[in-house]
Structure formats: C-alpha cells, structure tokens
file coords-v2.tsv (TSV, C-alpha atoms)
chain	number	residue	atom	x	y	z
N	1	MET	CA	17.52	9.45	21.28
N	2	VAL	CA	18.72	12.26	23.57
N	3	VAL	CA	21.16	13.41	20.90
N	4	THR	CA	18.43	13.33	18.25
N	5	VAL	CA	15.93	15.27	20.33
N	6	THR	CA	18.57	17.73	21.52
N	7	ALA	CA	19.47	18.45	17.90
N	8	TRP	CA	15.79	18.89	17.08
N	9	ALA	CA	15.35	21.18	20.11
N	10	GLN	CA	18.36	23.22	18.99
N	11	THR	CA	16.86	23.62	15.54
N	12	VAL	CA	13.51	24.68	16.96
N	13	ALA	CA	15.23	27.11	19.33
N	14	ALA	CA	17.01	28.74	16.42
N	15	ARG	CA	13.82	28.88	14.38
N	16	LYS	CA	11.93	30.50	17.23
N	17	GLY	CA	14.69	33.00	17.89
N	18	LEU	CA	15.79	31.47	21.20
N	19	GLY	CA	19.45	31.24	20.26
N	20	TYR	CA	21.76	28.25	20.52
N	21	TRP	CA	21.94	27.15	24.14
N	22	PHE	CA	24.48	24.51	23.22
N	23	ALA	CA	27.31	26.72	21.92
N	24	GLY	CA	29.64	25.93	24.79
N	25	ASP	CA	32.73	27.61	23.34
N	26	GLU	CA	31.51	30.94	24.66
N	27	LEU	CA	31.45	29.59	28.23
N	28	GLY	CA	34.97	28.19	28.18
N	29	GLY	CA	36.69	25.21	29.76
N	30	ALA	CA	35.27	22.60	32.09
N	31	MET	CA	32.82	25.09	33.53
N	32	GLY	CA	31.64	25.72	29.99
N	33	GLY	CA	31.16	22.01	29.49
N	34	ARG	CA	29.08	21.75	32.67
N	35	ALA	CA	27.08	24.77	31.59
N	36	ILE	CA	26.50	23.19	28.20
N	37	CYS	CA	25.20	20.02	29.82
N	38	ALA	CA	23.04	21.95	32.24
N	39	ALA	CA	21.63	24.16	29.51
N	40	GLY	CA	21.10	21.21	27.23
N	41	ALA	CA	19.43	19.21	29.99
N	42	THR	CA	17.19	22.14	30.84
N	43	PHE	CA	16.04	22.62	27.28
N	44	ALA	CA	15.72	18.88	26.73
N	45	ALA	CA	13.52	18.71	29.82
N	46	LEU	CA	11.30	21.39	28.35
N	47	CYS	CA	11.02	19.25	25.22
N	48	LEU	CA	10.52	15.97	27.10
N	49	GLY	CA	7.01	15.48	25.79
N	50	ALA	CA	8.20	15.88	22.23
N	51	MET	CA	11.07	13.47	22.89
N	52	ALA	CA	8.74	10.75	24.13
N	53	GLU	CA	6.22	11.29	21.36
N	54	THR	CA	8.70	11.08	18.53
N	55	VAL	CA	8.76	7.31	18.88
N	56	ASP	CA	5.77	5.82	20.62
N	57	GLU	CA	3.33	8.24	22.20
N	58	TRP	CA	2.67	10.70	19.39
N	59	PRO	CA	-0.05	11.77	18.91
N	60	SER	CA	-1.29	12.17	22.48
N	61	ARG	CA	-3.96	14.78	21.66
N	62	PRO	CA	-6.11	15.77	18.65
N	63	VAL	CA	-4.29	16.80	15.47
N	64	ARG	CA	-5.47	19.66	13.23
N	65	ILE	CA	-5.29	19.41	9.44
N	66	VAL	CA	-5.92	22.74	7.72
N	67	ALA	CA	-7.59	22.57	4.30
N	68	PRO	CA	-6.84	26.03	2.86
N	69	PHE	CA	-9.89	26.03	0.60
N	70	ALA	CA	-13.68	25.92	0.98
N	71	PRO	CA	-15.43	22.67	1.96
N	72	GLY	CA	-16.37	20.25	-0.78
N	73	GLY	CA	-13.35	20.62	-3.07
N	74	SER	CA	-10.52	18.20	-3.77
N	75	ALA	CA	-8.36	19.55	-0.93
N	76	ASP	CA	-11.19	19.00	1.53
N	77	THR	CA	-11.99	15.54	0.16
N	78	LEU	CA	-8.39	14.34	0.26
N	79	GLY	CA	-7.87	15.88	3.69
N	80	ARG	CA	-10.80	13.95	5.11
N	81	ILE	CA	-9.63	10.70	3.53
N	82	VAL	CA	-6.23	11.12	5.18
N	83	ALA	CA	-7.74	12.28	8.48
N	84	GLN	CA	-9.99	9.22	8.69
N	85	HIS	CA	-7.14	6.82	7.97
N	86	LEU	CA	-4.76	8.45	10.46
N	87	SER	CA	-7.45	8.59	13.13
N	88	GLU	CA	-8.07	4.86	12.75
N	89	ARG	CA	-4.42	3.85	12.54
N	90	LEU	CA	-2.94	6.15	15.18
N	91	LYS	CA	-5.89	5.98	17.62
N	92	GLN	CA	-6.22	9.75	17.91
N	93	ASN	CA	-8.55	12.34	16.42
N	94	PHE	CA	-7.25	13.97	13.23
N	95	PHE	CA	-9.72	16.65	12.19
N	96	VAL	CA	-9.98	18.89	9.11
N	97	GLU	CA	-10.45	22.62	9.51
N	98	ASN	CA	-11.27	24.69	6.42
N	99	ARG	CA	-9.40	28.02	6.22
N	100	GLY	CA	-9.95	29.27	2.69
N	101	GLY	CA	-8.89	32.52	1.05
N	102	ALA	CA	-6.23	34.10	-1.19
N	103	GLY	CA	-5.69	30.98	-3.27
N	104	GLY	CA	-4.79	28.92	-0.21
N	105	LEU	CA	-2.30	31.43	1.22
N	106	ILE	CA	-4.27	32.19	4.40
N	107	GLY	CA	-4.48	28.61	5.63
N	108	ALA	CA	-0.96	27.75	4.51
N	109	ALA	CA	0.49	30.79	6.31
N	110	GLN	CA	-1.20	29.73	9.56
N	111	VAL	CA	0.51	26.34	9.39
N	112	ALA	CA	3.87	27.85	8.42
N	113	ALA	CA	3.74	29.89	11.65
N	114	ALA	CA	2.69	26.95	13.86
N	115	ASP	CA	4.94	24.99	16.22
N	116	PRO	CA	6.55	21.98	14.50
N	117	ASP	CA	5.32	19.60	17.21
N	118	GLY	CA	3.24	17.30	15.02
N	119	TYR	CA	-0.17	18.74	15.85
N	120	THR	CA	-0.77	21.13	12.95
N	121	PHE	CA	-0.66	20.27	9.25
N	122	VAL	CA	-1.91	21.61	5.93
N	123	ILE	CA	-3.30	20.07	2.78
N	124	SER	CA	-0.72	21.77	0.60
N	125	GLY	CA	-0.80	21.79	-3.17
N	126	ILE	CA	0.05	23.44	-6.46
N	127	ALA	CA	-2.36	26.33	-5.82
N	128	SER	CA	-1.19	27.26	-2.32
N	129	HIS	CA	2.50	26.33	-2.60
N	130	VAL	CA	3.39	27.03	-6.22
N	131	ILE	CA	1.02	29.40	-8.04
N	132	ALA	CA	-0.15	31.72	-5.26
N	133	PRO	CA	3.33	32.35	-3.77
N	134	ALA	CA	4.72	33.00	-7.27
N	135	THR	CA	2.14	35.70	-7.94
N	136	ASN	CA	1.88	37.28	-4.49
N	137	ALA	CA	4.89	39.11	-3.10
N	138	ASN	CA	3.26	39.13	0.34
N	139	ALA	CA	2.58	35.40	0.61
N	140	GLY	CA	3.93	35.37	4.16
N	141	PHE	CA	6.00	32.20	3.77
N	142	ASP	CA	8.57	30.43	1.62
N	143	PRO	CA	6.91	27.38	0.01
N	144	ILE	CA	10.01	25.25	0.63
N	145	LYS	CA	11.81	26.66	3.68
N	146	SER	CA	8.69	27.36	5.75
N	147	PHE	CA	7.37	23.79	5.56
N	148	THR	CA	8.16	20.16	6.12
N	149	HIS	CA	6.79	18.44	3.03
N	150	ILE	CA	5.66	14.99	4.04
N	151	ALA	CA	3.63	13.15	1.39
N	152	TYR	CA	2.08	13.51	-2.05
N	153	LEU	CA	-1.66	12.78	-2.14
N	154	GLY	CA	-2.72	13.25	-5.76
N	155	GLY	CA	-5.18	15.24	-7.77
N	156	PRO	CA	-7.06	15.54	-11.04
N	157	PRO	CA	-5.63	16.58	-14.42
N	158	ILE	CA	-6.84	19.56	-16.46
N	159	VAL	CA	-9.25	18.93	-19.33
N	160	VAL	CA	-9.87	21.18	-22.31
N	161	ILE	CA	-13.60	21.11	-23.04
N	162	VAL	CA	-15.78	22.74	-25.69
N	163	HIS	CA	-19.48	23.42	-26.11
N	164	PRO	CA	-21.05	21.24	-28.86
N	165	ALA	CA	-22.29	24.36	-30.65
N	166	LEU	CA	-18.70	25.39	-31.39
N	167	GLY	CA	-18.54	22.58	-33.94
N	168	VAL	CA	-15.10	21.16	-33.06
N	169	SER	CA	-14.19	17.74	-31.75
N	170	SER	CA	-10.40	17.89	-31.46
N	171	LEU	CA	-7.67	20.21	-30.27
N	172	ALA	CA	-6.41	20.61	-33.85
N	173	GLU	CA	-9.84	21.78	-34.95
N	174	LEU	CA	-10.06	24.17	-31.99
N	175	ILE	CA	-6.65	25.67	-32.81
N	176	ALA	CA	-7.63	26.14	-36.45
N	177	LYS	CA	-10.91	27.79	-35.50
N	178	ALA	CA	-9.30	29.93	-32.80
N	179	LYS	CA	-6.90	31.38	-35.36
N	180	ALA	CA	-9.90	32.48	-37.41
N	181	SER	CA	-12.54	33.23	-34.78
N	182	ARG	CA	-12.54	35.21	-31.54
N	183	GLU	CA	-15.33	32.95	-30.25
N	184	ALA	CA	-12.95	30.01	-30.15
N	185	ARG	CA	-10.19	31.99	-28.44
N	186	ALA	CA	-12.27	32.93	-25.39
N	187	TYR	CA	-12.15	30.35	-22.63
N	188	VAL	CA	-13.34	30.00	-19.05
N	189	SER	CA	-11.46	28.73	-16.03
N	190	PRO	CA	-12.24	28.68	-12.31
N	191	GLY	CA	-10.14	31.83	-11.87
N	192	THR	CA	-7.03	33.79	-12.70
N	193	GLY	CA	-3.92	31.87	-11.72
N	194	THR	CA	-5.63	28.49	-11.50
N	195	LEU	CA	-3.88	25.60	-13.19
N	196	GLY	CA	-6.60	25.55	-15.86
N	197	ASN	CA	-5.72	29.17	-16.67
N	198	LEU	CA	-2.00	28.37	-16.88
N	199	VAL	CA	-2.45	25.23	-19.00
N	200	ALA	CA	-4.69	27.02	-21.51
N	201	GLU	CA	-2.25	29.92	-21.81
N	202	TYR	CA	0.68	27.52	-22.14
N	203	TRP	CA	-0.71	25.48	-25.01
N	204	GLY	CA	-2.22	28.58	-26.62
N	205	ARG	CA	1.17	30.24	-26.80
N	206	ARG	CA	2.77	27.06	-28.06
N	207	ALA	CA	0.10	26.91	-30.79
N	208	GLY	CA	0.59	30.57	-31.68
N	209	ILE	CA	-2.83	31.71	-30.41
N	210	ALA	CA	-3.52	34.63	-28.09
N	211	MET	CA	-6.19	33.00	-25.93
N	212	GLU	CA	-8.66	35.32	-24.18
N	213	HIS	CA	-9.25	34.36	-20.58
N	214	VAL	CA	-12.70	34.78	-19.03
N	215	PRO	CA	-11.99	34.24	-15.31
N	216	TYR	CA	-14.58	33.21	-12.75
N	217	LYS	CA	-14.57	33.11	-8.96
N	218	GLY	CA	-14.92	29.37	-8.77
N	219	ALA	CA	-15.43	26.31	-10.92
N	220	ALA	CA	-19.21	25.96	-10.46
N	221	GLN	CA	-20.12	29.21	-12.21
N	222	ALA	CA	-17.50	28.67	-14.90
N	223	ILE	CA	-18.87	25.27	-15.91
N	224	THR	CA	-22.46	26.55	-15.68
N	225	ASP	CA	-21.81	29.38	-18.12
N	226	LEU	CA	-19.91	27.09	-20.47
N	227	VAL	CA	-22.80	24.61	-20.54
N	228	ALA	CA	-25.16	27.54	-21.23
N	229	GLY	CA	-22.99	28.50	-24.20
N	230	HIS	CA	-22.02	31.98	-22.99
N	231	VAL	CA	-18.38	30.95	-23.56
N	232	LYS	CA	-17.65	27.86	-25.61
N	233	VAL	CA	-14.19	26.72	-24.45
N	234	GLY	CA	-13.04	25.80	-20.95
N	235	ALA	CA	-9.97	24.58	-19.09
N	236	MET	CA	-10.60	23.16	-15.64
N	237	THR	CA	-10.07	20.07	-13.55
N	238	TRP	CA	-11.44	16.79	-14.77
N	239	THR	CA	-13.31	16.48	-11.46
N	240	THR	CA	-15.19	19.72	-12.12
N	241	ALA	CA	-16.11	18.82	-15.69
N	242	LEU	CA	-16.82	15.11	-15.23
N	243	GLY	CA	-20.57	15.38	-14.64
N	244	GLN	CA	-21.11	17.48	-17.76
N	245	ILE	CA	-18.78	15.26	-19.80
N	246	ARG	CA	-20.88	12.24	-18.88
N	247	ALA	CA	-24.05	14.18	-19.65
N	248	LYS	CA	-22.52	15.09	-23.04
N	249	THR	CA	-23.26	18.78	-22.54
N	250	VAL	CA	-19.57	19.48	-23.15
N	251	ILE	CA	-16.98	17.66	-25.27
N	252	PRO	CA	-13.55	16.79	-23.83
N	253	ILE	CA	-10.87	17.23	-26.48
N	254	ALA	CA	-7.62	16.92	-24.49
N	255	VAL	CA	-6.50	16.04	-20.99
N	256	SER	CA	-3.25	16.89	-19.18
N	257	SER	CA	-2.72	13.49	-17.58
N	258	ALA	CA	0.36	11.40	-18.36
N	259	LYS	CA	-1.78	8.68	-19.96
N	260	ARG	CA	-5.29	8.44	-21.35
N	261	LEU	CA	-7.92	7.92	-18.69
N	262	PRO	CA	-9.19	4.31	-18.55
N	263	ASP	CA	-12.87	5.31	-18.50
N	264	PHE	CA	-12.42	7.77	-21.38
N	265	PRO	CA	-9.89	6.16	-23.74
N	266	ASP	CA	-10.99	8.31	-26.69
N	267	VAL	CA	-9.79	11.55	-25.05
N	268	PRO	CA	-6.15	12.14	-26.08
N	269	THR	CA	-3.54	13.61	-23.77
N	270	LEU	CA	-1.89	16.95	-24.45
N	271	LYS	CA	1.41	15.08	-24.38
N	272	GLU	CA	0.52	12.83	-27.30
N	273	LEU	CA	-0.87	15.83	-29.22
N	274	GLY	CA	2.58	17.34	-29.35
N	275	TYR	CA	2.86	19.11	-26.00
N	276	ASP	CA	5.43	16.71	-24.59
N	277	ASP	CA	6.09	18.69	-21.40
N	278	LEU	CA	2.46	19.50	-20.66
N	279	ILE	CA	1.66	16.87	-18.06
N	280	ALA	CA	-0.14	18.81	-15.35
N	281	THR	CA	-2.09	17.83	-12.27
N	282	THR	CA	-3.93	19.95	-9.76
N	283	TRP	CA	-2.08	18.04	-7.06
N	284	PHE	CA	-2.55	18.14	-3.31
N	285	SER	CA	-0.23	16.98	-0.58
N	286	PHE	CA	0.38	16.81	3.16
N	287	SER	CA	2.81	19.23	4.84
N	288	GLY	CA	3.65	20.61	8.26
N	289	PRO	CA	5.67	23.51	9.64
N	290	ALA	CA	9.42	23.55	9.04
N	291	ASP	CA	11.76	21.60	11.34
N	292	MET	CA	9.43	18.77	12.31
N	293	PRO	CA	10.99	15.73	14.05
N	294	GLU	CA	12.15	13.27	11.42
N	295	ASP	CA	10.59	10.22	13.07
N	296	ILE	CA	7.10	11.78	13.02
N	297	VAL	CA	7.60	12.75	9.38
N	298	ALA	CA	8.67	9.23	8.45
N	299	LYS	CA	5.75	7.72	10.34
N	300	LEU	CA	3.24	10.01	8.63
N	301	ASN	CA	4.73	9.34	5.21
N	302	ARG	CA	4.34	5.58	5.70
N	303	GLU	CA	0.76	5.88	6.94
N	304	ILE	CA	-0.35	8.29	4.22
N	305	ILE	CA	1.16	6.15	1.46
N	306	SER	CA	-0.66	3.18	3.01
N	307	ALA	CA	-3.93	5.13	2.96
N	308	MET	CA	-3.58	6.30	-0.65
N	309	ASP	CA	-2.59	2.78	-1.75
N	310	SER	CA	-5.59	1.08	-0.18
N	311	ARG	CA	-8.09	-0.43	-2.61
N	312	GLU	CA	-10.98	1.64	-1.27
N	313	VAL	CA	-9.15	4.95	-1.68
N	314	ARG	CA	-7.70	4.05	-5.09
N	315	GLU	CA	-11.18	3.20	-6.37
N	316	LYS	CA	-12.57	6.45	-5.01
N	317	LEU	CA	-9.78	8.51	-6.56
N	318	ALA	CA	-10.10	6.70	-9.89
N	319	GLN	CA	-13.73	7.80	-10.17
N	320	GLU	CA	-12.51	11.40	-10.31
N	321	ALA	CA	-9.34	10.67	-12.34
N	322	MET	CA	-7.17	11.63	-9.39
N	323	GLU	CA	-3.65	10.37	-9.85
N	324	THR	CA	-1.41	9.54	-6.92
N	325	GLU	CA	2.23	8.56	-6.58
N	326	LYS	CA	4.43	7.17	-3.83
N	327	MET	CA	7.15	9.59	-2.77
N	328	SER	CA	9.44	9.83	0.23
N	329	PRO	CA	9.51	13.22	2.02
N	330	GLN	CA	12.79	14.00	0.27
N	331	GLU	CA	11.44	13.04	-3.16
N	332	PHE	CA	8.28	15.02	-2.58
N	333	THR	CA	10.20	18.13	-1.49
N	334	ARG	CA	12.22	17.93	-4.71
N	335	PHE	CA	8.96	17.56	-6.63
N	336	VAL	CA	7.56	20.74	-5.06
N	337	GLN	CA	10.71	22.64	-5.99
N	338	ALA	CA	10.51	21.32	-9.57
N	339	GLU	CA	6.88	22.48	-9.83
N	340	ILE	CA	7.87	25.92	-8.52
N	341	ASP	CA	10.61	26.14	-11.15
N	342	ARG	CA	8.24	25.00	-13.87
N	343	TRP	CA	5.01	26.90	-13.17
N	344	GLY	CA	6.28	29.93	-11.24
N	345	PRO	CA	7.55	31.84	-14.29
N	346	ILE	CA	4.39	31.03	-16.28
N	347	ALA	CA	2.17	32.13	-13.39
N	348	ARG	CA	4.02	35.43	-13.12
N	349	GLN	CA	3.55	36.05	-16.83
N	350	VAL	CA	-0.15	35.20	-16.77
N	351	VAL	CA	-1.16	36.86	-13.50
N	352	LYS	CA	-0.46	40.55	-13.74
N	353	PRO	CA	-0.15	42.64	-10.50

call {"tool": "encode", "arguments": {"input": "coords-v2.tsv", "output": "structure tokens"}}
result
Amino acid sequence: MVVTVTAWAQTVAARKGLGYWFAGDELGGAMGGRAICAAGATFAALCLGAMAETVDEWPSRPVRIVAPFAPGGSADTLGRIVAQHLSERLKQNFFVENRGGAGGLIGAAQVAAADPDGYTFVISGIASHVIAPATNANAGFDPIKSFTHIAYLGGPPIVVIVHPALGVSSLAELIAKAKASREARAYVSPGTGTLGNLVAEYWGRRAGIAMEHVPYKGAAQAITDLVAGHVKVGAMTWTTALGQIRAKTVIPIAVSSAKRLPDFPDVPTLKELGYDDLIATTWFSFSGPADMPEDIVAKLNREIISAMDSREVREKLAQEAMETEKMSPQEFTRFVQAEIDRWGPIARQVVKP
C-alpha cells in the first residue's frame, strides 16, 4: 500500500509541478538513500488521508458531480441517478452541481483543473469531450490526458423526423424530395455542433445532398418550430422528440441506434438503411481529473455499472431509449478516443470558426 500511494503521490506531485521528491540519484550514496526515504515519508505523510481513503474510508466528505449542462437534460438526469446510487451505497453525500456553458467546456474544464482526490467528478460525454474540444482551440483541456475516464453511462440515439405536411414517410423518400426541393433540405437541430447536426450532415453527404442547417439554441425551440411546420425536417435526440412522436405531430423515419427500438419496431435504423457506420449515441459518462488513485476508480466503476444495471434504472432508461453498456475504465477510455477519432474531423468540417 505504501508503495502504491507513494507512486500515486509522485504522479500527483509531477502533475502539480512539485517535482519528483523521490529521484534519489541526485542526492548520492547512503545519505541520498536516507534523504529519499525522508522525503518520501514526508510527502507520504502529507497524503496520509488519501492513502487511507483509497481502500476503506473514501469518501469521508461530500462528493461533487459537475453536470456541465443546464438542469433537466440527459446529463443532469443521469448524474442524479448515479449520485443517488452512490450516496446510498457509499454512505456519503454525492451531489450534482450544474455548470453549463460552451457546449459543456466550462464545467469540464473546472473538473480537469481539480485535485484528483476523489471528491470532484464530471458527467462527461460526446458533447463536452469530443465535439466541443474538436471545434474549440481554447477548450482548456485535453479530453483524454486531462481526465480519468471511469464509466460509461449511456444516452439516447439521434432520430430523423419530418413534419407530416412534407408528405414523406421514409428516408428514401426524403432523400428523393431533398434532391428536388429546398424545403426538404432544410433541417433543424438543437444547435451547431450537436450530434444531431453532425449525423444529418453525415448522411446528407453520403446521400449526395447539401443539407441546409437551421440551428437553434436548444432542443425545445427546435422541436417547437418543427411541429409548427416552420421547418419540416429535424435531427435530434430520441428523448427530445419522443413526446411529439407519440403525439404523431412528427414522423420518425430513421434512428441512429444499433438496433430498432423495442417500442417503435417500425422505425428503421440508419445502419440497416445503408449507413453501416452510422451508429451514433448522444452518450454521457462519468469522469474525474487525471491521475486519480486506481482503487477509487475501480470502486466507482463497479458501483456505477451496478447502478446502470439495476432493474429500476434500466426501465427508466428504456423509456427514453437510452442505451448503456458495461465497460472497464480502460475500455471506456479507448471508446472515448475512438469517438474523438471518428467525430472530431466531421465536427471540424461542419462547425466553421
């Protein structure tokens, strides 16, 4: 345990610019060895609380979970689900704090700069850790190196929806009409650089159509104007569109999930319509600052997977077509990198400076 915590302390010291107190070669000989031990013991003593908490006592005080978006959205909802479960299981208060702005960059940057002591986390996701950093040169953090990625939570797919007045009921019909009519090329999304924006541009280019984006500052106004018929095509999360889909004020013609949704088996996936690589989810996840102790990370990963796998949570997520998946911290970090490689170039093409 001392070796593990000393290594962790050394990493933190380097990250914080404190230097390596354990590089005994510079001190020389037996005296150097004693100095190494003394320096190591001193720094280990300073980290004693962290050492004890890495196994049994963590968390010994309230834990902050930053949701880098406004209250009421998927990030906030998933954050509160996780916070409730962790509070109950770990017998300490985990609380959600909303820090919205700049596509999630503001809240994410705060967590990237926090101490990696297990008391500050972020509901990370494709918006804050893939799209926004790819399109903002001043993001303030590296989406991989600045974080410890802990667990995948899930999220809703994108749905392509049309107003009934457009007179189409399939993606093939929409493509045919879009090639002949500007009305069918214009589409709404919750905003420039959102996954709905990227998905629509992606399939539009694949279909040989120059789609015309009508961006909004949020999903609520976008869906409202689509229902009113001001614009007749939309690309947004299934969660956003679900109420209007059920009310039949809009028609879903394709969804970006890996499989058809059980409650809507007549809506085909983009994959089966010929866009084999267009499986896309507005996913959210749980991350902390870089260099967190491995035992805390492993403990959180186990607990979060347990929460997301519970019957109550699975039923709640299924109502909004939120898909989840079990991943280790290592698997999830590789997933984030793969999403950066996949969507980063597209985001940079779509979102112009």

call {"tool": "closest_atom_pairs", "arguments": {"input": "coords-v2.tsv", "of": "stretch 206-296 of chain N", "to": "stretch 330-335 of chain N", "cutoff": "10 Å", "atoms": "all atoms listed in the file", "output": "tab-separated table"}}
result
residue	atom	partner	partner_atom	distance
N:Ser285	CA	N:Phe332	CA	9.0
N:Phe286	CA	N:Phe332	CA	9.9
N:Ser287	CA	N:Thr333	CA	9.8

call {"tool": "residues_around", "arguments": {"input": "coords-v2.tsv", "residues": "stretch 336-348 of chain N", "least_positions_apart": "3", "cutoff": "7 Å", "atoms": "all atoms listed in the file", "output": "list in words"}}
result
Val130, Ile131, Ala134, Thr135, Gly193, Leu198, Phe332, Thr333, Val351 and Lys352 of chain N

call {"tool": "atom_distance", "arguments": {"input": "coords-v2.tsv", "atom1": "atom CA of N:Lys259", "atom2": "atom CA of N:Pro190"}}
result
23.8 Å

call {"tool": "atom_distance", "arguments": {"input": "coords-v2.tsv", "atom1": "atom CA of N:Val66", "atom2": "atom CA of N:Pro329"}}
result
19.0 Å

call {"tool": "atom_distance", "arguments": {"input": "coords-v2.tsv", "atom1": "atom CA of N:Lys179", "atom2": "atom CA of N:Glu201"}}
result
14.4 Å

call {"tool": "residues_around", "arguments": {"input": "coords-v2.tsv", "residues": "N:Ile251", "least_positions_apart": "3", "cutoff": "9 Å", "atoms": "all atoms listed in the file", "output": "number ranges by chain"}}
result
N: 160-164, 168-169, 244-245, 248

call {"tool": "write_last_selection", "arguments": {"input": "coords-v2.tsv", "atoms": "C-alpha atoms", "output": "mmCIF file, keeping the file's coordinate frame"}}
result
data_model
loop_
_atom_site.group_PDB
_atom_site.id
_atom_site.type_symbol
_atom_site.label_atom_id
_atom_site.label_comp_id
_atom_site.auth_asym_id
_atom_site.auth_seq_id
_atom_site.Cartn_x
_atom_site.Cartn_y
_atom_site.Cartn_z
ATOM 1 C CA VAL N 160 -9.870 21.180 -22.310
ATOM 2 C CA ILE N 161 -13.600 21.110 -23.040
ATOM 3 C CA VAL N 162 -15.780 22.740 -25.690
ATOM 4 C CA HIS N 163 -19.480 23.420 -26.110
ATOM 5 C CA PRO N 164 -21.050 21.240 -28.860
ATOM 6 C CA VAL N 168 -15.100 21.160 -33.060
ATOM 7 C CA SER N 169 -14.190 17.740 -31.750
ATOM 8 C CA GLN N 244 -21.110 17.480 -17.760
ATOM 9 C CA ILE N 245 -18.780 15.260 -19.800
ATOM 10 C CA LYS N 248 -22.520 15.090 -23.040
#
